[in-house]
>>> print(open('entry18.txt').read())   # compact mmCIF, C-alpha atoms and all ligand atoms
# COMPACT_ATOMS: atom_id res chain seq x y z
CA MET A 1 -22.06 10.99 1.74
CA SER A 2 -19.01 10.05 3.76
CA THR A 3 -15.91 12.07 3.11
CA VAL A 4 -12.81 12.51 5.21
CA LYS A 5 -10.51 15.50 4.98
CA LEU A 6 -7.20 16.06 6.73
CA ILE A 7 -5.71 19.55 6.68
CA ASN A 8 -2.11 20.08 7.83
CA VAL A 9 -2.43 17.25 10.33
CA SER A 10 0.61 16.51 12.50
CA LYS A 11 1.33 14.36 15.52
CA ASN A 12 4.14 14.79 18.02
CA TYR A 13 4.66 12.15 20.67
CA LYS A 14 6.83 12.65 23.69
CA GLY A 15 10.31 11.80 22.41
CA LYS A 16 9.07 11.51 18.82
CA ASP A 17 8.34 14.76 17.04
CA LYS A 18 6.56 14.62 13.69
CA ALA A 19 5.43 10.99 13.82
CA VAL A 20 2.93 12.42 11.32
CA ASP A 21 4.15 15.53 9.55
CA ASN A 22 1.72 17.98 7.98
CA VAL A 23 -0.55 15.51 6.22
CA ASN A 24 -3.10 16.83 3.72
CA LEU A 25 -5.52 14.31 2.32
CA GLU A 26 -9.03 14.29 0.92
CA ILE A 27 -10.92 11.00 0.81
CA ASN A 28 -14.01 10.86 -1.37
CA ASN A 29 -17.36 9.29 -0.68
CA LYS A 30 -17.28 5.49 -1.18
CA GLU A 31 -13.58 5.54 -1.91
CA PHE A 32 -11.21 2.77 -0.81
CA VAL A 33 -8.00 4.48 0.23
CA VAL A 34 -4.96 2.57 1.46
CA LEU A 35 -2.22 4.10 3.62
CA VAL A 36 0.99 2.19 2.99
CA GLY A 37 4.62 2.53 3.99
CA PRO A 38 7.32 0.83 6.04
CA SER A 39 6.88 0.20 9.75
CA GLY A 40 7.00 3.41 11.80
CA CYS A 41 6.08 5.76 8.92
CA GLY A 42 2.97 7.08 10.72
CA LYS A 43 0.14 5.09 9.07
CA SER A 44 -1.49 3.82 12.26
CA THR A 45 -1.12 7.16 13.98
CA THR A 46 -2.89 8.84 11.06
CA LEU A 47 -5.70 6.28 11.18
CA ARG A 48 -5.99 6.56 14.96
CA MET A 49 -6.25 10.34 14.73
CA ILE A 50 -9.12 9.95 12.25
CA ALA A 51 -10.75 7.50 14.67
CA GLY A 52 -10.23 9.88 17.58
CA LEU A 53 -8.09 7.36 19.48
CA GLU A 54 -5.10 9.67 19.29
CA GLU A 55 -5.09 13.40 19.91
CA ILE A 56 -4.11 15.65 16.99
CA SER A 57 -1.10 17.89 17.71
CA ASP A 58 -1.80 20.22 14.80
CA GLY A 59 -4.30 20.61 11.96
CA GLN A 60 -7.93 19.73 11.36
CA ILE A 61 -9.82 16.56 10.55
CA TYR A 62 -13.27 16.73 8.97
CA ILE A 63 -15.69 13.82 8.56
CA ASP A 64 -18.53 14.65 6.20
CA GLY A 65 -17.61 18.29 6.36
CA LYS A 66 -17.81 18.38 10.15
CA LEU A 67 -14.75 19.28 12.20
CA VAL A 68 -14.16 16.31 14.52
CA ASN A 69 -10.96 17.38 16.34
CA ASP A 70 -12.77 17.56 19.66
CA ILE A 71 -15.41 14.89 19.05
CA PRO A 72 -14.87 11.61 20.98
CA PRO A 73 -14.45 8.38 18.96
CA LYS A 74 -17.90 7.03 19.79
CA ASP A 75 -19.57 10.08 18.28
CA ARG A 76 -17.57 10.14 15.03
CA ASP A 77 -19.70 7.51 13.28
CA ILE A 78 -16.71 5.40 12.27
CA ALA A 79 -16.00 1.70 12.82
CA MET A 80 -12.52 0.29 13.15
CA VAL A 81 -11.26 -3.23 12.46
CA PHE A 82 -7.99 -4.13 14.17
CA GLN A 83 -5.25 -6.60 13.42
CA ASN A 84 -5.93 -8.63 16.58
CA TYR A 85 -9.73 -8.74 15.94
CA ALA A 86 -10.43 -7.74 19.58
CA LEU A 87 -13.35 -10.15 19.92
CA TYR A 88 -14.84 -10.86 23.34
CA PRO A 89 -13.87 -14.50 24.05
CA HIS A 90 -16.80 -15.30 26.35
CA MET A 91 -19.45 -14.09 23.88
CA THR A 92 -20.88 -15.89 20.87
CA VAL A 93 -20.33 -14.54 17.39
CA TYR A 94 -23.87 -13.15 17.45
CA ASP A 95 -23.29 -11.32 20.73
CA ASN A 96 -19.92 -10.05 19.60
CA MET A 97 -21.57 -8.49 16.57
CA ALA A 98 -24.57 -7.25 18.54
CA PHE A 99 -22.62 -5.78 21.44
CA GLY A 100 -21.96 -2.33 20.03
CA LEU A 101 -25.59 -1.97 18.98
CA LYS A 102 -26.86 -3.02 22.43
CA LEU A 103 -24.65 -0.34 23.99
CA ARG A 104 -26.27 2.17 21.69
CA ASN A 105 -29.75 1.01 22.76
CA PHE A 106 -30.88 -0.38 19.42
CA SER A 107 -34.08 -2.46 19.59
CA LYS A 108 -33.77 -6.26 19.66
CA ASP A 109 -35.42 -6.54 16.24
CA GLU A 110 -33.14 -3.96 14.66
CA ILE A 111 -30.09 -5.71 16.14
CA LYS A 112 -31.26 -9.07 14.84
CA GLU A 113 -31.86 -7.70 11.37
CA ARG A 114 -28.46 -6.00 11.18
CA VAL A 115 -26.49 -8.96 12.55
CA ASN A 116 -28.24 -11.38 10.22
CA TYR A 117 -27.63 -9.11 7.25
CA ALA A 118 -23.91 -8.79 8.06
CA ALA A 119 -23.63 -12.54 8.72
CA LYS A 120 -25.21 -13.24 5.36
CA ILE A 121 -22.92 -11.07 3.29
CA LEU A 122 -19.88 -12.39 5.16
CA GLU A 123 -21.16 -15.99 4.90
CA ILE A 124 -20.81 -16.66 8.62
CA GLU A 125 -24.47 -17.41 9.38
CA GLU A 126 -23.68 -20.92 10.61
CA LEU A 127 -21.13 -19.52 13.09
CA LEU A 128 -23.45 -17.17 14.96
CA ASN A 129 -23.77 -19.43 18.04
CA LYS A 130 -20.08 -20.27 18.27
CA LYS A 131 -17.49 -18.69 20.53
CA PRO A 132 -14.34 -17.11 19.01
CA LYS A 133 -12.06 -19.91 20.27
CA HIS A 134 -13.87 -22.35 17.97
CA LEU A 135 -13.22 -20.21 14.89
CA SER A 136 -10.30 -20.17 12.46
CA GLY A 137 -8.27 -16.97 11.97
CA GLY A 138 -10.14 -16.12 8.79
CA GLN A 139 -13.52 -16.65 10.46
CA ARG A 140 -12.54 -14.43 13.39
CA GLN A 141 -11.49 -11.75 10.94
CA ARG A 142 -14.88 -11.97 9.27
CA VAL A 143 -16.63 -11.57 12.62
CA ALA A 144 -14.50 -8.49 13.35
CA VAL A 145 -15.54 -7.04 9.99
CA GLY A 146 -19.17 -8.02 10.71
CA ARG A 147 -19.05 -6.12 13.96
CA ALA A 148 -18.07 -3.04 12.00
CA ILE A 149 -20.71 -3.55 9.28
CA VAL A 150 -23.66 -3.79 11.70
CA ARG A 151 -22.91 -0.29 12.87
CA LYS A 152 -23.49 1.10 9.35
CA PRO A 153 -20.80 3.70 9.98
CA LYS A 154 -19.94 6.64 7.76
CA VAL A 155 -16.37 5.42 7.44
CA PHE A 156 -14.63 2.07 7.96
CA LEU A 157 -11.08 2.12 9.27
CA PHE A 158 -8.96 -1.03 8.88
CA ASP A 159 -5.62 -1.30 10.70
CA GLU A 160 -3.52 -4.14 9.20
CA PRO A 161 -6.54 -6.48 9.46
CA LEU A 162 -4.94 -9.35 7.54
CA SER A 163 -1.46 -9.52 9.00
CA ASN A 164 -2.28 -12.36 11.40
CA LEU A 165 -3.52 -14.63 8.63
CA ASP A 166 -1.45 -17.10 6.65
CA ALA A 167 -0.42 -16.14 3.12
CA LYS A 168 -3.15 -18.05 1.29
CA LEU A 169 -5.96 -16.79 3.49
CA ARG A 170 -4.63 -13.26 3.23
CA VAL A 171 -4.97 -13.36 -0.54
CA GLN A 172 -8.51 -14.72 -0.22
CA MET A 173 -9.59 -12.14 2.40
CA ARG A 174 -8.08 -9.37 0.27
CA ALA A 175 -10.56 -10.13 -2.48
CA GLU A 176 -13.38 -10.58 0.04
CA ILE A 177 -12.87 -7.15 1.58
CA LYS A 178 -12.68 -5.61 -1.88
CA ARG A 179 -15.91 -7.36 -2.85
CA LEU A 180 -17.49 -6.22 0.38
CA HIS A 181 -16.52 -2.66 -0.40
CA GLN A 182 -18.26 -2.88 -3.76
CA ARG A 183 -21.33 -4.37 -2.12
CA ILE A 184 -21.83 -1.99 0.79
CA GLU A 185 -20.45 1.04 -1.05
CA ALA A 186 -18.67 2.31 2.02
CA THR A 187 -15.83 4.76 2.47
CA ILE A 188 -12.84 2.73 3.63
CA ILE A 189 -9.43 3.79 4.92
CA TYR A 190 -7.12 0.81 5.15
CA VAL A 191 -3.63 0.67 6.66
CA THR A 192 -1.03 -1.89 5.62
CA HIS A 193 2.75 -2.18 5.32
CA ASP A 194 2.29 -4.63 2.44
CA GLN A 195 2.52 -2.93 -0.92
CA VAL A 196 0.89 -5.86 -2.72
CA GLU A 197 -2.13 -5.54 -0.44
CA ALA A 198 -2.19 -1.80 -1.14
CA MET A 199 -1.92 -2.27 -4.90
CA THR A 200 -4.61 -4.92 -5.10
CA MET A 201 -7.17 -3.22 -2.85
CA GLY A 202 -6.89 0.54 -3.08
CA ASP A 203 -8.76 2.84 -5.45
CA ARG A 204 -6.07 5.27 -4.38
CA ILE A 205 -2.93 4.65 -2.39
CA VAL A 206 -1.19 7.03 -0.01
CA VAL A 207 2.51 6.19 0.27
CA MET A 208 4.09 7.46 3.50
CA LYS A 209 7.65 7.66 4.80
CA ASP A 210 8.90 9.26 8.03
CA GLY A 211 5.47 10.76 8.74
CA ILE A 212 5.33 12.49 5.34
CA ILE A 213 3.09 11.65 2.38
CA GLN A 214 5.30 10.81 -0.60
CA GLN A 215 2.59 10.36 -3.21
CA VAL A 216 -1.16 9.85 -3.48
CA ASP A 217 -2.22 8.07 -6.64
CA SER A 218 -3.98 5.14 -8.28
CA PRO A 219 -2.09 1.82 -8.16
CA LEU A 220 -1.05 1.96 -11.81
CA ASN A 221 0.09 5.56 -11.66
CA LEU A 222 2.21 4.80 -8.62
CA TYR A 223 3.82 1.94 -10.47
CA ASN A 224 4.35 3.70 -13.77
CA ASN A 225 4.92 7.24 -12.54
CA PRO A 226 6.52 7.18 -9.09
CA ALA A 227 7.24 10.70 -7.83
CA ASN A 228 10.54 9.80 -6.23
CA LYS A 229 13.04 7.01 -5.68
CA PHE A 230 11.39 5.90 -2.45
CA VAL A 231 8.02 5.26 -4.08
CA ALA A 232 9.72 3.66 -7.09
CA GLY A 233 11.56 1.22 -4.83
CA PHE A 234 8.67 0.57 -2.46
CA ILE A 235 5.98 -0.21 -5.01
CA GLY A 236 6.58 -3.32 -7.10
CA SER A 237 7.79 -6.82 -6.35
CA PRO A 238 10.55 -7.71 -6.99
CA ALA A 239 11.60 -4.13 -6.34
CA MET A 240 12.97 -1.74 -8.96
CA ASN A 241 16.73 -1.99 -9.57
CA PHE A 242 18.78 1.16 -9.04
CA ILE A 243 22.14 2.00 -10.49
CA PRO A 244 24.02 5.25 -9.90
CA GLY A 245 25.77 7.14 -12.69
CA LYS A 246 26.15 10.52 -14.38
CA ILE A 247 24.62 12.43 -17.24
CA MET A 248 27.52 13.01 -19.66
CA ASN A 249 27.98 14.58 -23.05
CA ASP A 250 29.62 12.26 -25.50
CA ASN A 251 28.18 12.98 -28.92
CA GLY A 252 24.97 14.01 -27.15
CA LEU A 253 23.72 13.46 -23.61
CA LYS A 254 23.97 9.95 -22.22
CA PHE A 255 23.55 8.18 -18.92
CA VAL A 256 26.78 6.43 -17.99
CA SER A 257 26.84 4.18 -14.93
CA ARG A 258 29.70 4.62 -12.46
CA GLY A 259 31.49 1.51 -13.64
CA ASN A 260 30.83 2.35 -17.32
CA SER A 261 29.04 -0.96 -17.91
CA LEU A 262 25.71 0.63 -18.72
CA ILE A 263 25.21 3.43 -21.21
CA ILE A 264 21.74 4.70 -22.06
CA THR A 265 21.22 7.12 -24.94
CA PHE A 266 18.28 9.51 -25.18
CA ASP A 267 16.02 10.89 -27.86
CA GLU A 268 15.90 14.64 -28.48
CA ILE A 269 13.00 15.30 -26.08
CA LYS A 270 14.75 13.53 -23.22
CA LYS A 271 18.05 15.22 -24.04
CA ALA A 272 16.39 18.60 -23.70
CA ALA A 273 14.81 17.66 -20.38
CA LEU A 274 18.13 16.38 -19.06
CA ALA A 275 20.22 19.37 -20.17
CA SER A 276 20.31 20.87 -16.69
CA PHE A 277 21.62 17.57 -15.29
CA LEU A 278 24.76 17.54 -17.44
CA GLY A 279 27.68 16.42 -15.25
CA LYS A 280 25.40 15.62 -12.31
CA ASP A 281 25.01 12.38 -10.42
CA VAL A 282 21.71 10.63 -11.10
CA VAL A 283 20.28 7.20 -10.38
CA ALA A 284 18.71 5.05 -13.08
CA GLY A 285 15.74 2.91 -12.03
CA ILE A 286 15.06 -0.25 -14.00
CA ARG A 287 12.05 -2.47 -13.30
CA PRO A 288 12.89 -6.20 -13.23
CA GLU A 289 10.60 -6.79 -16.21
CA SER A 290 12.45 -4.16 -18.26
CA LEU A 291 15.42 -6.54 -18.38
CA SER A 292 14.96 -9.28 -20.92
CA THR A 293 16.82 -12.17 -22.47
CA ASN A 294 15.24 -11.12 -25.78
CA PRO A 295 16.49 -8.05 -27.66
CA VAL A 296 14.06 -5.30 -26.61
CA GLY A 297 16.05 -2.07 -26.62
CA GLN A 298 19.27 -0.32 -27.46
CA ALA A 299 21.10 -1.10 -24.24
CA LYS A 300 22.45 -4.49 -23.32
CA VAL A 301 24.67 -5.78 -20.57
CA MET A 302 26.64 -8.96 -19.90
CA VAL A 303 25.89 -10.21 -16.42
CA ASN A 304 26.85 -13.10 -14.21
CA VAL A 305 23.63 -14.56 -12.84
CA ASP A 306 24.26 -16.16 -9.47
CA VAL A 307 20.74 -17.23 -8.47
CA VAL A 308 17.82 -18.28 -10.64
CA GLU A 309 14.32 -18.65 -9.20
CA GLN A 310 12.03 -20.63 -11.46
CA LEU A 311 8.43 -19.82 -10.60
CA GLY A 312 6.88 -21.75 -13.46
CA ASN A 313 5.21 -18.89 -15.27
CA GLU A 314 8.30 -16.66 -15.00
CA SER A 315 11.88 -16.66 -13.78
CA PHE A 316 13.76 -14.26 -11.52
CA LEU A 317 17.47 -13.88 -12.28
CA TYR A 318 19.65 -12.38 -9.56
CA PHE A 319 23.04 -10.86 -10.25
CA GLN A 320 25.46 -8.22 -9.08
CA PHE A 321 25.65 -5.24 -11.42
CA GLU A 322 28.56 -2.96 -10.60
CA ASP A 323 27.89 -2.23 -6.90
CA SER A 324 24.14 -2.90 -7.05
CA GLN A 325 22.12 -6.08 -6.52
CA PHE A 326 19.85 -6.60 -9.52
CA VAL A 327 16.95 -8.87 -10.35
CA ALA A 328 15.50 -9.51 -13.79
CA ARG A 329 12.02 -10.92 -14.34
CA THR A 330 11.95 -12.98 -17.51
CA LEU A 331 9.84 -15.58 -19.21
CA PRO A 332 10.59 -19.11 -18.02
CA ASN A 333 13.60 -20.12 -20.00
CA ASN A 334 15.30 -23.48 -19.96
CA LEU A 335 18.55 -21.97 -21.22
CA ILE A 336 18.92 -20.10 -17.97
CA GLY A 337 18.03 -23.01 -15.72
CA ASN A 338 21.65 -22.91 -14.60
CA ALA A 339 23.27 -19.77 -13.32
CA GLY A 340 25.96 -18.22 -15.49
CA LYS A 341 26.98 -15.45 -17.82
CA ILE A 342 24.23 -14.14 -20.07
CA THR A 343 23.34 -11.05 -22.07
CA LEU A 344 20.36 -9.05 -20.88
CA TYR A 345 18.67 -6.38 -22.97
CA ILE A 346 17.20 -3.28 -21.42
CA ASN A 347 14.01 -1.65 -22.54
CA ASP A 348 15.62 1.79 -22.28
CA ASN A 349 12.38 3.65 -22.87
CA SER A 350 11.06 2.39 -19.55
CA VAL A 351 14.10 3.41 -17.49
CA LEU A 352 13.35 6.14 -14.92
CA PHE A 353 15.87 8.63 -13.60
CA PHE A 354 16.16 10.23 -10.17
CA SER A 355 18.31 13.08 -8.96
CA GLU A 356 21.03 11.70 -6.70
CA ASP A 357 20.86 14.54 -4.18
CA ARG A 358 17.08 14.79 -3.67
CA ASN A 359 15.94 11.39 -4.90
CA GLU A 360 13.23 13.10 -6.94
CA ARG A 361 12.10 11.82 -10.26
CA ILE A 362 13.45 13.57 -13.34
CA TYR A 363 10.49 13.98 -15.66
CA PHE A 364 10.91 13.93 -19.41
P1 LIG B 1 3.19 2.70 11.43
O1 LIG B 1 1.75 2.46 11.68
O2 LIG B 1 3.45 3.28 10.08
O3 LIG B 1 4.05 1.50 11.70
P2 LIG B 1 3.03 4.42 13.74
O4 LIG B 1 2.00 5.41 13.36
O5 LIG B 1 2.63 3.33 14.66
O6 LIG B 1 3.71 3.84 12.44
O7 LIG B 1 4.27 5.19 14.42
C1 LIG B 1 4.86 6.34 13.85
C2 LIG B 1 6.02 6.76 14.72
O8 LIG B 1 5.52 7.23 15.97
C3 LIG B 1 7.01 5.65 15.04
O9 LIG B 1 8.30 6.19 15.06
C4 LIG B 1 6.60 5.20 16.41
O10 LIG B 1 7.69 4.69 17.13
C5 LIG B 1 6.09 6.48 17.04
N1 LIG B 1 5.03 6.22 18.01
C6 LIG B 1 3.86 5.60 17.79
N2 LIG B 1 3.10 5.56 18.92
C7 LIG B 1 3.82 6.21 19.88
C8 LIG B 1 3.59 6.52 21.26
N3 LIG B 1 2.46 6.17 21.87
N4 LIG B 1 4.56 7.20 21.92
C9 LIG B 1 5.71 7.58 21.31
N5 LIG B 1 5.97 7.31 20.00
C10 LIG B 1 5.06 6.63 19.29
>>> encode(input="entry18.txt", output="structure tokens")
Amino acid sequence: MSTVKLINVSKNYKGKDKAVDNVNLEINNKEFVVLVGPSGCGKSTTLRMIAGLEEISDGQIYIDGKLVNDIPPKDRDIAMVFQNYALYPHMTVYDNMAFGLKLRNFSKDEIKERVNYAAKILEIEELLNKKPKHLSGGQRQRVAVGRAIVRKPKVFLFDEPLSNLDAKLRVQMRAEIKRLHQRIEATIIYVTHDQVEAMTMGDRIVVMKDGIIQQVDSPLNLYNNPANKFVAGFIGSPAMNFIPGKIMNDNGLKFVSRGNSLIITFDEIKKAALASFLGKDVVAGIRPESLSTNPVGQAKVMVNVDVVEQLGNESFLYFQFEDSQFVARTLPNNLIGNAGKITLYINDNSVLFFSEDRNERIYF
């Protein structure tokens, strides 16, 4: 069993109060949890507090039910993999992986068995006698992971481990780490600023902003049911389109955009839920794939597409909509190979609404 629990955990730095602000989080045994958010939102600080590399200003951290606030990193039974790999350049791959075990006085046989096991599952057996400078970025990353595996820790902590790799290798390593997780059945806490990495790897994702947890959920729930406008805009690529407007009563409640170009009508259930927003400013959120060149809903808009990106399997259409920049994700379509005026249909059922003042989701 390897669980991690954070209770009201905060971190104040000199000159930066609340770098992490009252975080509560429970990570289950064998779970793969990703902390994601823009740069400076407190992900690394949270991870480093779990590792014991950063003092906790407030709150408690438990690993396997044991309070670890005052336990030094080496006694927490965790292993951390960093972005810069932190390999010893003068040591071979074998020695790099064996080093931590030697320090802990493991027997030669035990070390050999563990290093060989890790090398096998990471497919780096033929590299064991090489020095880091003779390895590619991806191979170095594997060695860094191997060094963590040999320790057989309770919890693995990954801090942006793939950000130094090129795009193709990053995609490949993403799947490898996921596969590794399934194989060794470890508890993993993984930090990244890349929402695609978070979505593809996490069993659960913790979205952070300004030191505060915005939402903790499965990838699909985050995408389909974002708790607020920040999460809605952060998760998904291309990002969700937002357009401000008001809830008005014109033969029943409607959303009317500021420039009157978009009107969305509601069914009776939604009307009832929106009653308290009558006359208030709200923001409509429309996923790029909810805009279509085919008739899919009640609402439609005429837009002037200024950029078309043809990706082969789909097309992205960029246009200005009132004061907002919009992107539509459509099937590849020869008719829209050239930019110009077209009609787009909106799947109005999929449109989300957020209160303008608090940016919170309005639930129907
Ligand atoms: P992230 O990992 O999400 O990019 P960090 O946890 O590194 O964010 O940082 C959170 C906030 O704390 C940032 O505003 C950052 O500038 C600040 N911070 C991080 N480390 C220190 C430090 N050692 N001293 C002062 N402020 C820091």
>>> atom_distance(input="entry18.txt", atom1="CA of Asp348 in chain A", atom2="CA of Gly297 in chain A")
5.8 Å
>>> residues_near_ligand(input="entry18.txt", ligand="ligand LIG 1 (chain B)", cutoff="12 Å", atoms="only C-alpha atoms and all ligand atoms", output="count of residues only")
47
>>> closest_residue(input="entry18.txt", among="A:Met1, A:Glu31, A:Arg179, A:Asn249", to="Ser218 in chain A", atoms="only C-alpha atoms")
A:Glu31
>>> closest_residue(input="entry18.txt", among="A:Ser324, A:Gln172, A:Asn24, A:Gln298", to="Phe242 in chain A", atoms="all atoms listed in the file")
A:Ser324
>>> residues_near_point(input="entry18.txt", point="(-21.6, -18.0, 13.0)", cutoff="9 Å", atoms="only C-alpha atoms", output="list in words")
Thr92, Val93, Tyr94, Ala119, Glu123, Ile124, Glu125, Glu126, Leu127, Leu128, Asn129, Lys130, Lys131, Leu135, Gln139 and Val143 of chain A
>>> atom_distance(input="entry18.txt", atom1="CA of Arg287 in chain A", atom2="CA of Val231 in chain A")
12.7 Å
>>> closest_residue(input="entry18.txt", among="A:Ala239, A:Met201, A:Ile342, A:Val301", to="Lys178 in chain A", atoms="all atoms listed in the file")
A:Met201
>>> closest_residue(input="entry18.txt", among="A:Gly202, A:Pro238, A:Gly312, A:Gly279", to="Gln325 in chain A", atoms="all atoms listed in the file")
A:Pro238
>>> closest_residue(input="entry18.txt", among="A:Lys66, A:Lys30, A:Lys341, A:Arg174", to="Lys5 in chain A", atoms="all atoms listed in the file")
A:Lys66
>>> closest_residue(input="entry18.txt", among="A:Val155, A:Leu317, A:Leu103, A:Leu6", to="Val305 in chain A", atoms="only C-alpha atoms")
A:Leu317
>>> residues_around(input="entry18.txt", residues="range 251-258 of chain A", least_positions_apart="5", cutoff="8 Å", atoms="only C-alpha atoms", output="short mmCIF file (atom, residue, chain, number, x, y, z; two decimals) with C-alpha atoms, keeping the file's coordinate frame")
data_model
loop_
_atom_site.label_atom_id
_atom_site.label_comp_id
_atom_site.auth_asym_id
_atom_site.auth_seq_id
_atom_site.Cartn_x
_atom_site.Cartn_y
_atom_site.Cartn_z
CA ILE A 243 22.14 2.00 -10.49
CA PRO A 244 24.02 5.25 -9.90
CA GLY A 245 25.77 7.14 -12.69
CA LYS A 246 26.15 10.52 -14.38
CA ILE A 263 25.21 3.43 -21.21
CA ILE A 264 21.74 4.70 -22.06
CA THR A 265 21.22 7.12 -24.94
CA PHE A 266 18.28 9.51 -25.18
CA LYS A 271 18.05 15.22 -24.04
CA LEU A 274 18.13 16.38 -19.06
CA ALA A 275 20.22 19.37 -20.17
CA LEU A 278 24.76 17.54 -17.44
CA GLU A 322 28.56 -2.96 -10.60
#
>>> atom_distance(input="entry18.txt", atom1="CA of Asp323 in chain A", atom2="CA of Phe234 in chain A")
19.9 Å
>>> residues_near_point(input="entry18.txt", point="(11.7, 11.9, -10.8)", cutoff="9 Å", atoms="all atoms listed in the file", output="list of chain:residue names")
A:Asn225, A:Pro226, A:Ala227, A:Asn228, A:Lys229, A:Leu352, A:Phe353, A:Phe354, A:Ser355, A:Asn359, A:Glu360, A:Arg361, A:Ile362, A:Tyr363, A:Phe364
>>> residues_around(input="entry18.txt", residues="Ile188 in chain A", least_positions_apart="4", cutoff="12 Å", atoms="only C-alpha atoms", output="PyMOL selection string")
chain A and resi 2-4+27-35+47+50+78-81+145+148-149+153-159+177-178+180-182+184+201-205
>>> residues_around(input="entry18.txt", residues="Ser290 in chain A", least_positions_apart="2", cutoff="7 Å", atoms="only C-alpha atoms", output="PyMOL selection string")
chain A and resi 286-288+292+346-347+350
